[in-house]
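Peer 1: Data: my_file_35.txt, compact mmCIF, N, CA and C atoms.
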# COMPACT_ATOMS: atom_id res chain seq x y z
N MET O 1 -47.51 -69.05 -44.51
CA MET O 1 -46.71 -69.55 -43.40
C MET O 1 -47.55 -70.45 -42.51
N THR O 2 -46.95 -71.52 -42.06
CA THR O 2 -47.65 -72.41 -41.14
C THR O 2 -47.53 -71.87 -39.71
N GLU O 3 -48.31 -72.45 -38.82
CA GLU O 3 -48.24 -72.03 -37.42
C GLU O 3 -46.84 -72.26 -36.85
N ASN O 4 -46.22 -73.38 -37.20
CA ASN O 4 -44.86 -73.66 -36.71
C ASN O 4 -43.85 -72.66 -37.27
N GLN O 5 -44.00 -72.28 -38.52
CA GLN O 5 -43.12 -71.28 -39.11
C GLN O 5 -43.29 -69.93 -38.42
N ILE O 6 -44.52 -69.60 -38.10
CA ILE O 6 -44.78 -68.34 -37.41
C ILE O 6 -44.18 -68.38 -36.01
N LYS O 7 -44.31 -69.50 -35.32
CA LYS O 7 -43.72 -69.62 -33.99
C LYS O 7 -42.20 -69.46 -34.08
N ASP O 8 -41.58 -70.08 -35.07
CA ASP O 8 -40.14 -69.91 -35.27
C ASP O 8 -39.79 -68.45 -35.55
N THR O 9 -40.63 -67.77 -36.30
CA THR O 9 -40.41 -66.36 -36.61
C THR O 9 -40.51 -65.52 -35.35
N VAL O 10 -41.46 -65.82 -34.48
CA VAL O 10 -41.59 -65.12 -33.21
C VAL O 10 -40.33 -65.33 -32.38
N PHE O 11 -39.84 -66.56 -32.32
CA PHE O 11 -38.61 -66.85 -31.57
C PHE O 11 -37.42 -66.09 -32.15
N THR O 12 -37.33 -66.05 -33.48
CA THR O 12 -36.23 -65.33 -34.13
C THR O 12 -36.30 -63.83 -33.80
N ALA O 13 -37.48 -63.26 -33.85
CA ALA O 13 -37.64 -61.84 -33.53
C ALA O 13 -37.28 -61.57 -32.07
N LEU O 14 -37.62 -62.50 -31.18
CA LEU O 14 -37.25 -62.34 -29.77
C LEU O 14 -35.74 -62.42 -29.59
N LYS O 15 -35.08 -63.34 -30.31
CA LYS O 15 -33.62 -63.46 -30.22
C LYS O 15 -32.94 -62.20 -30.73
N ASP O 16 -33.57 -61.50 -31.66
CA ASP O 16 -32.99 -60.26 -32.18
C ASP O 16 -32.96 -59.17 -31.11
N VAL O 17 -33.95 -59.15 -30.23
CA VAL O 17 -34.00 -58.11 -29.20
C VAL O 17 -33.41 -58.56 -27.87
N ALA O 18 -33.33 -59.86 -27.66
CA ALA O 18 -32.78 -60.40 -26.42
C ALA O 18 -31.91 -61.61 -26.77
N PRO O 19 -30.72 -61.36 -27.35
CA PRO O 19 -29.89 -62.45 -27.84
C PRO O 19 -29.45 -63.45 -26.77
N GLU O 20 -29.41 -63.00 -25.52
CA GLU O 20 -28.98 -63.88 -24.44
C GLU O 20 -30.08 -64.81 -23.97
N ALA O 21 -31.30 -64.54 -24.39
CA ALA O 21 -32.46 -65.32 -23.93
C ALA O 21 -32.65 -66.59 -24.75
N ASP O 22 -33.26 -67.57 -24.11
CA ASP O 22 -33.64 -68.80 -24.79
C ASP O 22 -35.17 -68.80 -24.90
N PRO O 23 -35.70 -68.33 -26.04
CA PRO O 23 -37.16 -68.23 -26.17
C PRO O 23 -37.89 -69.54 -25.90
N SER O 24 -37.26 -70.67 -26.17
CA SER O 24 -37.94 -71.94 -25.94
C SER O 24 -38.14 -72.23 -24.45
N SER O 25 -37.43 -71.50 -23.60
CA SER O 25 -37.60 -71.68 -22.15
C SER O 25 -38.69 -70.78 -21.57
N ILE O 26 -39.25 -69.93 -22.41
CA ILE O 26 -40.30 -69.02 -21.97
C ILE O 26 -41.63 -69.76 -21.89
N ASP O 27 -42.35 -69.52 -20.81
CA ASP O 27 -43.71 -70.06 -20.71
C ASP O 27 -44.54 -69.37 -21.80
N PRO O 28 -45.11 -70.12 -22.74
CA PRO O 28 -45.81 -69.52 -23.87
C PRO O 28 -47.07 -68.73 -23.50
N ASP O 29 -47.51 -68.86 -22.25
CA ASP O 29 -48.69 -68.12 -21.82
C ASP O 29 -48.36 -66.98 -20.86
N GLU O 30 -47.08 -66.73 -20.63
CA GLU O 30 -46.66 -65.64 -19.75
C GLU O 30 -46.24 -64.43 -20.58
N ASN O 31 -46.29 -63.28 -19.98
CA ASN O 31 -45.94 -62.03 -20.65
C ASN O 31 -44.48 -62.06 -21.10
N ILE O 32 -44.26 -61.79 -22.37
CA ILE O 32 -42.92 -61.82 -22.96
C ILE O 32 -41.99 -60.83 -22.28
N GLN O 33 -42.47 -59.61 -22.07
CA GLN O 33 -41.62 -58.59 -21.45
C GLN O 33 -41.18 -59.01 -20.06
N ASP O 34 -42.08 -59.59 -19.29
CA ASP O 34 -41.73 -60.05 -17.94
C ASP O 34 -40.78 -61.23 -17.99
N GLU O 35 -41.05 -62.17 -18.87
CA GLU O 35 -40.23 -63.38 -18.97
C GLU O 35 -38.80 -63.07 -19.39
N LEU O 36 -38.64 -62.13 -20.33
CA LEU O 36 -37.31 -61.81 -20.85
C LEU O 36 -36.70 -60.57 -20.20
N ASP O 37 -37.48 -59.91 -19.36
CA ASP O 37 -37.02 -58.68 -18.71
C ASP O 37 -36.55 -57.66 -19.74
N ILE O 38 -37.41 -57.42 -20.74
CA ILE O 38 -37.08 -56.43 -21.76
C ILE O 38 -37.94 -55.19 -21.55
N ASP O 39 -37.39 -54.05 -21.95
CA ASP O 39 -38.10 -52.79 -21.76
C ASP O 39 -39.02 -52.50 -22.96
N SER O 40 -39.69 -51.38 -22.90
CA SER O 40 -40.67 -51.04 -23.94
C SER O 40 -40.01 -50.80 -25.29
N ILE O 41 -38.79 -50.29 -25.31
CA ILE O 41 -38.09 -50.08 -26.58
C ILE O 41 -37.77 -51.44 -27.23
N ASP O 42 -37.29 -52.39 -26.43
CA ASP O 42 -37.03 -53.73 -26.96
C ASP O 42 -38.32 -54.38 -27.46
N TYR O 43 -39.41 -54.16 -26.73
CA TYR O 43 -40.70 -54.73 -27.15
C TYR O 43 -41.14 -54.10 -28.48
N LEU O 44 -40.93 -52.80 -28.62
CA LEU O 44 -41.25 -52.12 -29.88
C LEU O 44 -40.39 -52.69 -31.01
N ASN O 45 -39.11 -52.93 -30.74
CA ASN O 45 -38.24 -53.54 -31.74
C ASN O 45 -38.71 -54.95 -32.10
N PHE O 46 -39.22 -55.68 -31.12
CA PHE O 46 -39.80 -57.00 -31.36
C PHE O 46 -40.99 -56.88 -32.31
N MET O 47 -41.87 -55.91 -32.07
CA MET O 47 -43.03 -55.70 -32.94
C MET O 47 -42.59 -55.36 -34.36
N MET O 48 -41.58 -54.50 -34.48
CA MET O 48 -41.08 -54.12 -35.81
C MET O 48 -40.43 -55.32 -36.49
N GLY O 49 -39.73 -56.15 -35.72
CA GLY O 49 -39.14 -57.36 -36.28
C GLY O 49 -40.19 -58.32 -36.81
N LEU O 50 -41.28 -58.46 -36.07
CA LEU O 50 -42.37 -59.32 -36.53
C LEU O 50 -42.94 -58.79 -37.85
N HIS O 51 -43.10 -57.48 -37.93
CA HIS O 51 -43.61 -56.88 -39.16
C HIS O 51 -42.66 -57.16 -40.33
N GLU O 52 -41.36 -56.97 -40.10
CA GLU O 52 -40.38 -57.19 -41.17
C GLU O 52 -40.36 -58.65 -41.61
N LYS O 53 -40.50 -59.56 -40.67
CA LYS O 53 -40.38 -60.99 -40.98
C LYS O 53 -41.66 -61.61 -41.54
N THR O 54 -42.82 -61.00 -41.21
CA THR O 54 -44.09 -61.60 -41.65
C THR O 54 -44.86 -60.73 -42.63
N GLY O 55 -44.55 -59.43 -42.67
CA GLY O 55 -45.31 -58.51 -43.50
C GLY O 55 -46.62 -58.06 -42.86
N VAL O 56 -46.87 -58.53 -41.63
CA VAL O 56 -48.10 -58.17 -40.92
C VAL O 56 -47.87 -56.84 -40.19
N ASP O 57 -48.72 -55.87 -40.48
CA ASP O 57 -48.65 -54.59 -39.79
C ASP O 57 -49.39 -54.74 -38.46
N VAL O 58 -48.68 -54.49 -37.37
CA VAL O 58 -49.27 -54.60 -36.04
C VAL O 58 -49.45 -53.17 -35.50
N PRO O 59 -50.67 -52.66 -35.50
CA PRO O 59 -50.88 -51.31 -34.98
C PRO O 59 -50.63 -51.27 -33.47
N GLU O 60 -50.21 -50.13 -32.98
CA GLU O 60 -49.87 -49.98 -31.57
C GLU O 60 -51.02 -50.42 -30.66
N ARG O 61 -52.24 -50.18 -31.07
CA ARG O 61 -53.38 -50.55 -30.24
C ARG O 61 -53.50 -52.07 -30.06
N ASP O 62 -52.82 -52.84 -30.92
CA ASP O 62 -52.87 -54.30 -30.84
C ASP O 62 -51.67 -54.91 -30.11
N TYR O 63 -50.71 -54.10 -29.69
CA TYR O 63 -49.50 -54.65 -29.05
C TYR O 63 -49.84 -55.57 -27.88
N ALA O 64 -50.83 -55.22 -27.10
CA ALA O 64 -51.21 -56.04 -25.94
C ALA O 64 -51.73 -57.41 -26.37
N LYS O 65 -52.20 -57.51 -27.61
CA LYS O 65 -52.70 -58.79 -28.12
C LYS O 65 -51.57 -59.75 -28.46
N LEU O 66 -50.33 -59.27 -28.40
CA LEU O 66 -49.16 -60.09 -28.71
C LEU O 66 -48.25 -60.20 -27.48
N ALA O 67 -48.83 -60.14 -26.31
CA ALA O 67 -48.07 -60.10 -25.06
C ALA O 67 -47.41 -61.42 -24.69
N THR O 68 -47.94 -62.53 -25.21
CA THR O 68 -47.37 -63.85 -24.92
C THR O 68 -46.98 -64.52 -26.23
N ILE O 69 -46.19 -65.57 -26.13
CA ILE O 69 -45.83 -66.33 -27.34
C ILE O 69 -47.08 -66.85 -28.03
N ASN O 70 -47.97 -67.49 -27.26
CA ASN O 70 -49.18 -68.07 -27.85
C ASN O 70 -50.08 -67.02 -28.46
N SER O 71 -50.24 -65.88 -27.79
CA SER O 71 -51.12 -64.85 -28.34
C SER O 71 -50.49 -64.21 -29.58
N ALA O 72 -49.17 -64.07 -29.60
CA ALA O 72 -48.50 -63.51 -30.78
C ALA O 72 -48.67 -64.45 -31.98
N VAL O 73 -48.48 -65.74 -31.74
CA VAL O 73 -48.64 -66.72 -32.82
C VAL O 73 -50.08 -66.71 -33.34
N SER O 74 -51.04 -66.71 -32.44
CA SER O 74 -52.46 -66.68 -32.85
C SER O 74 -52.78 -65.43 -33.66
N TYR O 75 -52.31 -64.28 -33.18
CA TYR O 75 -52.55 -63.01 -33.87
C TYR O 75 -51.98 -63.08 -35.29
N LEU O 76 -50.75 -63.55 -35.43
CA LEU O 76 -50.11 -63.58 -36.73
C LEU O 76 -50.72 -64.62 -37.64
N VAL O 77 -51.07 -65.79 -37.11
CA VAL O 77 -51.69 -66.84 -37.93
C VAL O 77 -52.97 -66.30 -38.58
N ALA O 78 -53.72 -65.51 -37.85
CA ALA O 78 -54.98 -64.97 -38.36
C ALA O 78 -54.77 -63.91 -39.44
N ARG O 79 -53.53 -63.38 -39.55
CA ARG O 79 -53.30 -62.26 -40.46
C ARG O 79 -52.30 -62.52 -41.57
N VAL O 80 -51.57 -63.60 -41.50
CA VAL O 80 -50.58 -63.91 -42.53
C VAL O 80 -51.31 -64.45 -43.76
N GLY O 81 -50.97 -63.89 -44.91
CA GLY O 81 -51.63 -64.29 -46.14
C GLY O 81 -51.13 -65.61 -46.58
Translate this structure into structure tokens?
Peer 2:
Amino acid sequence: MTENQIKDTVFTALKDVAPEADPSSIDPDENIQDELDIDSIDYLNFMMGLHEKTGVDVPERDYAKLATINSAVSYLVARVG
């Protein structure tokens, strides 16, 4: 997957948990939960969606490393085969 494909995948996973949100309007360096006003369950569903869409296992200890759009993309780019 390319970086752009991963970014699209992140946006798709966000739309799955917050369908009313426009991920492209999110500041890519701001906290996703704050920007979309989603709770911890929605964030967990976002993490599971990323796993399903990319095959990358994100351990709970790494959730904070995916707190922003840019950090999520960087994390996944480094791990996608």
Peer 1: Extract, using only C-alpha atoms, all DNA, RNA and protein residues at most 12 Å from Ala78 of chain O, discarding same-chain residues fewer than 4 positions from it, and format them as a PyMOL selection string.
Peer 2: chain O and resi 1-3+6+54+56+71-74
Peer 1: So that I can check the surroundings of Gly49 of chain O, please list as a ChimeraX atom specification every protein, DNA and RNA residue that reaches within 8 Å of it, counting all atoms listed in the file and ignoring chain neighbours fewer than 3 positions away.
Peer 2: /O:9-10,12-14,16,43-46,52-55
Peer 1: DSSP on the backbone: which residues in chain O end up as helix (DSSP H, G or I)? Give the answer as a PyMOL selection string.
Peer 2: chain O and resi 3-17+23-25+32-36+40-54+60-66+69-77
Peer 1: Would you put the residues from that selection into a file with N, CA and C atoms, as a compact mmCIF listing (two decimals), in the frame of the given file?
Peer 2:
# COMPACT_ATOMS: atom_id res chain seq x y z
N GLU O 3 -48.31 -72.45 -38.82
CA GLU O 3 -48.24 -72.03 -37.42
C GLU O 3 -46.84 -72.26 -36.85
N ASN O 4 -46.22 -73.38 -37.20
CA ASN O 4 -44.86 -73.66 -36.71
C ASN O 4 -43.85 -72.66 -37.27
N GLN O 5 -44.00 -72.28 -38.52
CA GLN O 5 -43.12 -71.28 -39.11
C GLN O 5 -43.29 -69.93 -38.42
N ILE O 6 -44.52 -69.60 -38.10
CA ILE O 6 -44.78 -68.34 -37.41
C ILE O 6 -44.18 -68.38 -36.01
N LYS O 7 -44.31 -69.50 -35.32
CA LYS O 7 -43.72 -69.62 -33.99
C LYS O 7 -42.20 -69.46 -34.08
N ASP O 8 -41.58 -70.08 -35.07
CA ASP O 8 -40.14 -69.91 -35.27
C ASP O 8 -39.79 -68.45 -35.55
N THR O 9 -40.63 -67.77 -36.30
CA THR O 9 -40.41 -66.36 -36.61
C THR O 9 -40.51 -65.52 -35.35
N VAL O 10 -41.46 -65.82 -34.48
CA VAL O 10 -41.59 -65.12 -33.21
C VAL O 10 -40.33 -65.33 -32.38
N PHE O 11 -39.84 -66.56 -32.32
CA PHE O 11 -38.61 -66.85 -31.57
C PHE O 11 -37.42 -66.09 -32.15
N THR O 12 -37.33 -66.05 -33.48
CA THR O 12 -36.23 -65.33 -34.13
C THR O 12 -36.30 -63.83 -33.80
N ALA O 13 -37.48 -63.26 -33.85
CA ALA O 13 -37.64 -61.84 -33.53
C ALA O 13 -37.28 -61.57 -32.07
N LEU O 14 -37.62 -62.50 -31.18
CA LEU O 14 -37.25 -62.34 -29.77
C LEU O 14 -35.74 -62.42 -29.59
N LYS O 15 -35.08 -63.34 -30.31
CA LYS O 15 -33.62 -63.46 -30.22
C LYS O 15 -32.94 -62.20 -30.73
N ASP O 16 -33.57 -61.50 -31.66
CA ASP O 16 -32.99 -60.26 -32.18
C ASP O 16 -32.96 -59.17 -31.11
N VAL O 17 -33.95 -59.15 -30.23
CA VAL O 17 -34.00 -58.11 -29.20
C VAL O 17 -33.41 -58.56 -27.87
N PRO O 23 -35.70 -68.33 -26.04
CA PRO O 23 -37.16 -68.23 -26.17
C PRO O 23 -37.89 -69.54 -25.90
N SER O 24 -37.26 -70.67 -26.17
CA SER O 24 -37.94 -71.94 -25.94
C SER O 24 -38.14 -72.23 -24.45
N SER O 25 -37.43 -71.50 -23.60
CA SER O 25 -37.60 -71.68 -22.15
C SER O 25 -38.69 -70.78 -21.57
N ILE O 32 -44.26 -61.79 -22.37
CA ILE O 32 -42.92 -61.82 -22.96
C ILE O 32 -41.99 -60.83 -22.28
N GLN O 33 -42.47 -59.61 -22.07
CA GLN O 33 -41.62 -58.59 -21.45
C GLN O 33 -41.18 -59.01 -20.06
N ASP O 34 -42.08 -59.59 -19.29
CA ASP O 34 -41.73 -60.05 -17.94
C ASP O 34 -40.78 -61.23 -17.99
N GLU O 35 -41.05 -62.17 -18.87
CA GLU O 35 -40.23 -63.38 -18.97
C GLU O 35 -38.80 -63.07 -19.39
N LEU O 36 -38.64 -62.13 -20.33
CA LEU O 36 -37.31 -61.81 -20.85
C LEU O 36 -36.70 -60.57 -20.20
N SER O 40 -39.69 -51.38 -22.90
CA SER O 40 -40.67 -51.04 -23.94
C SER O 40 -40.01 -50.80 -25.29
N ILE O 41 -38.79 -50.29 -25.31
CA ILE O 41 -38.09 -50.08 -26.58
C ILE O 41 -37.77 -51.44 -27.23
N ASP O 42 -37.29 -52.39 -26.43
CA ASP O 42 -37.03 -53.73 -26.96
C ASP O 42 -38.32 -54.38 -27.46
N TYR O 43 -39.41 -54.16 -26.73
CA TYR O 43 -40.70 -54.73 -27.15
C TYR O 43 -41.14 -54.10 -28.48
N LEU O 44 -40.93 -52.80 -28.62
CA LEU O 44 -41.25 -52.12 -29.88
C LEU O 44 -40.39 -52.69 -31.01
N ASN O 45 -39.11 -52.93 -30.74
CA ASN O 45 -38.24 -53.54 -31.74
C ASN O 45 -38.71 -54.95 -32.10
N PHE O 46 -39.22 -55.68 -31.12
CA PHE O 46 -39.80 -57.00 -31.36
C PHE O 46 -40.99 -56.88 -32.31
N MET O 47 -41.87 -55.91 -32.07
CA MET O 47 -43.03 -55.70 -32.94
C MET O 47 -42.59 -55.36 -34.36
N MET O 48 -41.58 -54.50 -34.48
CA MET O 48 -41.08 -54.12 -35.81
C MET O 48 -40.43 -55.32 -36.49
N GLY O 49 -39.73 -56.15 -35.72
CA GLY O 49 -39.14 -57.36 -36.28
C GLY O 49 -40.19 -58.32 -36.81
N LEU O 50 -41.28 -58.46 -36.07
CA LEU O 50 -42.37 -59.32 -36.53
C LEU O 50 -42.94 -58.79 -37.85
N HIS O 51 -43.10 -57.48 -37.93
CA HIS O 51 -43.61 -56.88 -39.16
C HIS O 51 -42.66 -57.16 -40.33
N GLU O 52 -41.36 -56.97 -40.10
CA GLU O 52 -40.38 -57.19 -41.17
C GLU O 52 -40.36 -58.65 -41.61
N LYS O 53 -40.50 -59.56 -40.67
CA LYS O 53 -40.38 -60.99 -40.98
C LYS O 53 -41.66 -61.61 -41.54
N THR O 54 -42.82 -61.00 -41.21
CA THR O 54 -44.09 -61.60 -41.65
C THR O 54 -44.86 -60.73 -42.63
N GLU O 60 -50.21 -50.13 -32.98
CA GLU O 60 -49.87 -49.98 -31.57
C GLU O 60 -51.02 -50.42 -30.66
N ARG O 61 -52.24 -50.18 -31.07
CA ARG O 61 -53.38 -50.55 -30.24
C ARG O 61 -53.50 -52.07 -30.06
N ASP O 62 -52.82 -52.84 -30.92
CA ASP O 62 -52.87 -54.30 -30.84
C ASP O 62 -51.67 -54.91 -30.11
N TYR O 63 -50.71 -54.10 -29.69
CA TYR O 63 -49.50 -54.65 -29.05
C TYR O 63 -49.84 -55.57 -27.88
N ALA O 64 -50.83 -55.22 -27.10
CA ALA O 64 -51.21 -56.04 -25.94
C ALA O 64 -51.73 -57.41 -26.37
N LYS O 65 -52.20 -57.51 -27.61
CA LYS O 65 -52.70 -58.79 -28.12
C LYS O 65 -51.57 -59.75 -28.46
N LEU O 66 -50.33 -59.27 -28.40
CA LEU O 66 -49.16 -60.09 -28.71
C LEU O 66 -48.25 -60.20 -27.48
N ILE O 69 -46.19 -65.57 -26.13
CA ILE O 69 -45.83 -66.33 -27.34
C ILE O 69 -47.08 -66.85 -28.03
N ASN O 70 -47.97 -67.49 -27.26
CA ASN O 70 -49.18 -68.07 -27.85
C ASN O 70 -50.08 -67.02 -28.46
N SER O 71 -50.24 -65.88 -27.79
CA SER O 71 -51.12 -64.85 -28.34
C SER O 71 -50.49 -64.21 -29.58
N ALA O 72 -49.17 -64.07 -29.60
CA ALA O 72 -48.50 -63.51 -30.78
C ALA O 72 -48.67 -64.45 -31.98
N VAL O 73 -48.48 -65.74 -31.74
CA VAL O 73 -48.64 -66.72 -32.82
C VAL O 73 -50.08 -66.71 -33.34
N SER O 74 -51.04 -66.71 -32.44
CA SER O 74 -52.46 -66.68 -32.85
C SER O 74 -52.78 -65.43 -33.66
N TYR O 75 -52.31 -64.28 -33.18
CA TYR O 75 -52.55 -63.01 -33.87
C TYR O 75 -51.98 -63.08 -35.29
N LEU O 76 -50.75 -63.55 -35.43
CA LEU O 76 -50.11 -63.58 -36.73
C LEU O 76 -50.72 -64.62 -37.64
N VAL O 77 -51.07 -65.79 -37.11
CA VAL O 77 -51.69 -66.84 -37.93
C VAL O 77 -52.97 -66.30 -38.58
Peer 1: Quick one: distance from atom N of Asp22 of chain O to atom CA of Leu36 of chain O in Å, one decimal?
Peer 2: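 Separation between atom N of Asp22 of chain O and atom CA of Leu36 of chain O: 7.8 Å.
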Peer 1: Would you please work out which residue, of O:Pro19, O:Asn4, O:Leu76, O:Asp29, is nearest to Met47 of chain O when using only C-alpha atoms?
Peer 2: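 When distances to Met47 of chain O are compared using only C-alpha atoms, the smallest one comes from O:Leu76.
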Peer 1: May I ask which of the residues O:Val77, O:Thr68, O:Val58, O:Asp42 is the closest one to Ala18 of chain O, counting only N, CA and C atoms?
Peer 2: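 Smallest separation from Ala18 of chain O among the options: O:Asp42.
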Peer 1: So what do you get for atom CA of Asn70 of chain O versus atom CA of Asp57 of chain O, distance-wise?
Peer 2: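 Going from atom CA of Asn70 of chain O over to atom CA of Asp57 of chain O covers 18.0 Å.
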Peer 1: Out of O:Val80, O:Ile41, O:Ile69, O:Met48, which residue has the shortest atom-to-atom distance to Phe11 of chain O when counting all atoms listed in the file?
Peer 2: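 Comparing O:Val80, O:Ile41, O:Ile69, O:Met48 against Phe11 of chain O, the winner is O:Ile69.
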Peer 1: Please report, as lines of an AutoDock Vina configuration file, the centre and edge lengths in Å to one decimal of an axis-aligned box covering all listed atoms of segment 9-13 of chain O with 5 Å per side.
Peer 2:
center_x = -38.9
center_y = -64.7
center_z = -34.1
size_x = 15.4
size_y = 16.2
size_z = 15.0
Peer 1: In Å to one decimal, how far is atom CA of Ala21 of chain O from atom CA of Asp8 of chain O?
Peer 2: 14.4 Å
Peer 1: Pull out segment 45-60 of chain O, keep N, CA and C atoms, and write it as a PDB file, in the first residue's frame.
Peer 2:
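Listed below is the output, selection.pdb:
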ATOM      1  N   ASN O  45     -13.005   0.934  18.001  1.00  0.00           N
ATOM      2  CA  ASN O  45     -13.547   0.454  16.731  1.00  0.00           C
ATOM      3  C   ASN O  45     -12.726   0.969  15.549  1.00  0.00           C
ATOM      4  N   PHE O  46     -12.227   2.185  15.645  1.00  0.00           N
ATOM      5  CA  PHE O  46     -11.333   2.742  14.630  1.00  0.00           C
ATOM      6  C   PHE O  46     -10.064   1.890  14.531  1.00  0.00           C
ATOM      7  N   MET O  47      -9.476   1.543  15.671  1.00  0.00           N
ATOM      8  CA  MET O  47      -8.266   0.710  15.677  1.00  0.00           C
ATOM      9  C   MET O  47      -8.550  -0.651  15.048  1.00  0.00           C
ATOM     10  N   MET O  48      -9.691  -1.246  15.387  1.00  0.00           N
ATOM     11  CA  MET O  48     -10.048  -2.550  14.820  1.00  0.00           C
ATOM     12  C   MET O  48     -10.295  -2.428  13.319  1.00  0.00           C
ATOM     13  N   GLY O  49     -10.904  -1.324  12.891  1.00  0.00           N
ATOM     14  CA  GLY O  49     -11.120  -1.098  11.467  1.00  0.00           C
ATOM     15  C   GLY O  49      -9.810  -0.981  10.708  1.00  0.00           C
ATOM     16  N   LEU O  50      -8.849  -0.294  11.304  1.00  0.00           N
ATOM     17  CA  LEU O  50      -7.529  -0.185  10.661  1.00  0.00           C
ATOM     18  C   LEU O  50      -6.896  -1.562  10.517  1.00  0.00           C
ATOM     19  N   HIS O  51      -7.024  -2.377  11.556  1.00  0.00           N
ATOM     20  CA  HIS O  51      -6.479  -3.737  11.495  1.00  0.00           C
ATOM     21  C   HIS O  51      -7.139  -4.533  10.372  1.00  0.00           C
ATOM     22  N   GLU O  52      -8.470  -4.461  10.295  1.00  0.00           N
ATOM     23  CA  GLU O  52      -9.197  -5.210   9.265  1.00  0.00           C
ATOM     24  C   GLU O  52      -8.821  -4.747   7.863  1.00  0.00           C
ATOM     25  N   LYS O  53      -8.628  -3.455   7.695  1.00  0.00           N
ATOM     26  CA  LYS O  53      -8.377  -2.893   6.362  1.00  0.00           C
ATOM     27  C   LYS O  53      -6.916  -2.994   5.919  1.00  0.00           C
ATOM     28  N   THR O  54      -5.992  -3.071   6.893  1.00  0.00           N
ATOM     29  CA  THR O  54      -4.566  -3.091   6.534  1.00  0.00           C
ATOM     30  C   THR O  54      -3.865  -4.391   6.895  1.00  0.00           C
ATOM     31  N   GLY O  55      -4.445  -5.160   7.813  1.00  0.00           N
ATOM     32  CA  GLY O  55      -3.793  -6.367   8.295  1.00  0.00           C
ATOM     33  C   GLY O  55      -2.739  -6.097   9.355  1.00  0.00           C
ATOM     34  N   VAL O  56      -2.583  -4.823   9.728  1.00  0.00           N
ATOM     35  CA  VAL O  56      -1.592  -4.440  10.734  1.00  0.00           C
ATOM     36  C   VAL O  56      -2.226  -4.592  12.121  1.00  0.00           C
ATOM     37  N   ASP O  57      -1.577  -5.386  12.959  1.00  0.00           N
ATOM     38  CA  ASP O  57      -2.041  -5.546  14.334  1.00  0.00           C
ATOM     39  C   ASP O  57      -1.505  -4.368  15.146  1.00  0.00           C
ATOM     40  N   VAL O  58      -2.414  -3.609  15.748  1.00  0.00           N
ATOM     41  CA  VAL O  58      -2.024  -2.459  16.555  1.00  0.00           C
ATOM     42  C   VAL O  58      -2.259  -2.824  18.023  1.00  0.00           C
ATOM     43  N   PRO O  59      -1.199  -3.120  18.764  1.00  0.00           N
ATOM     44  CA  PRO O  59      -1.384  -3.450  20.173  1.00  0.00           C
ATOM     45  C   PRO O  59      -1.868  -2.231  20.961  1.00  0.00           C
ATOM     46  N   GLU O  60      -2.603  -2.489  22.019  1.00  0.00           N
ATOM     47  CA  GLU O  60      -3.182  -1.408  22.819  1.00  0.00           C
ATOM     48  C   GLU O  60      -2.125  -0.410  23.280  1.00  0.00           C
TER      49      GLU O  60
END
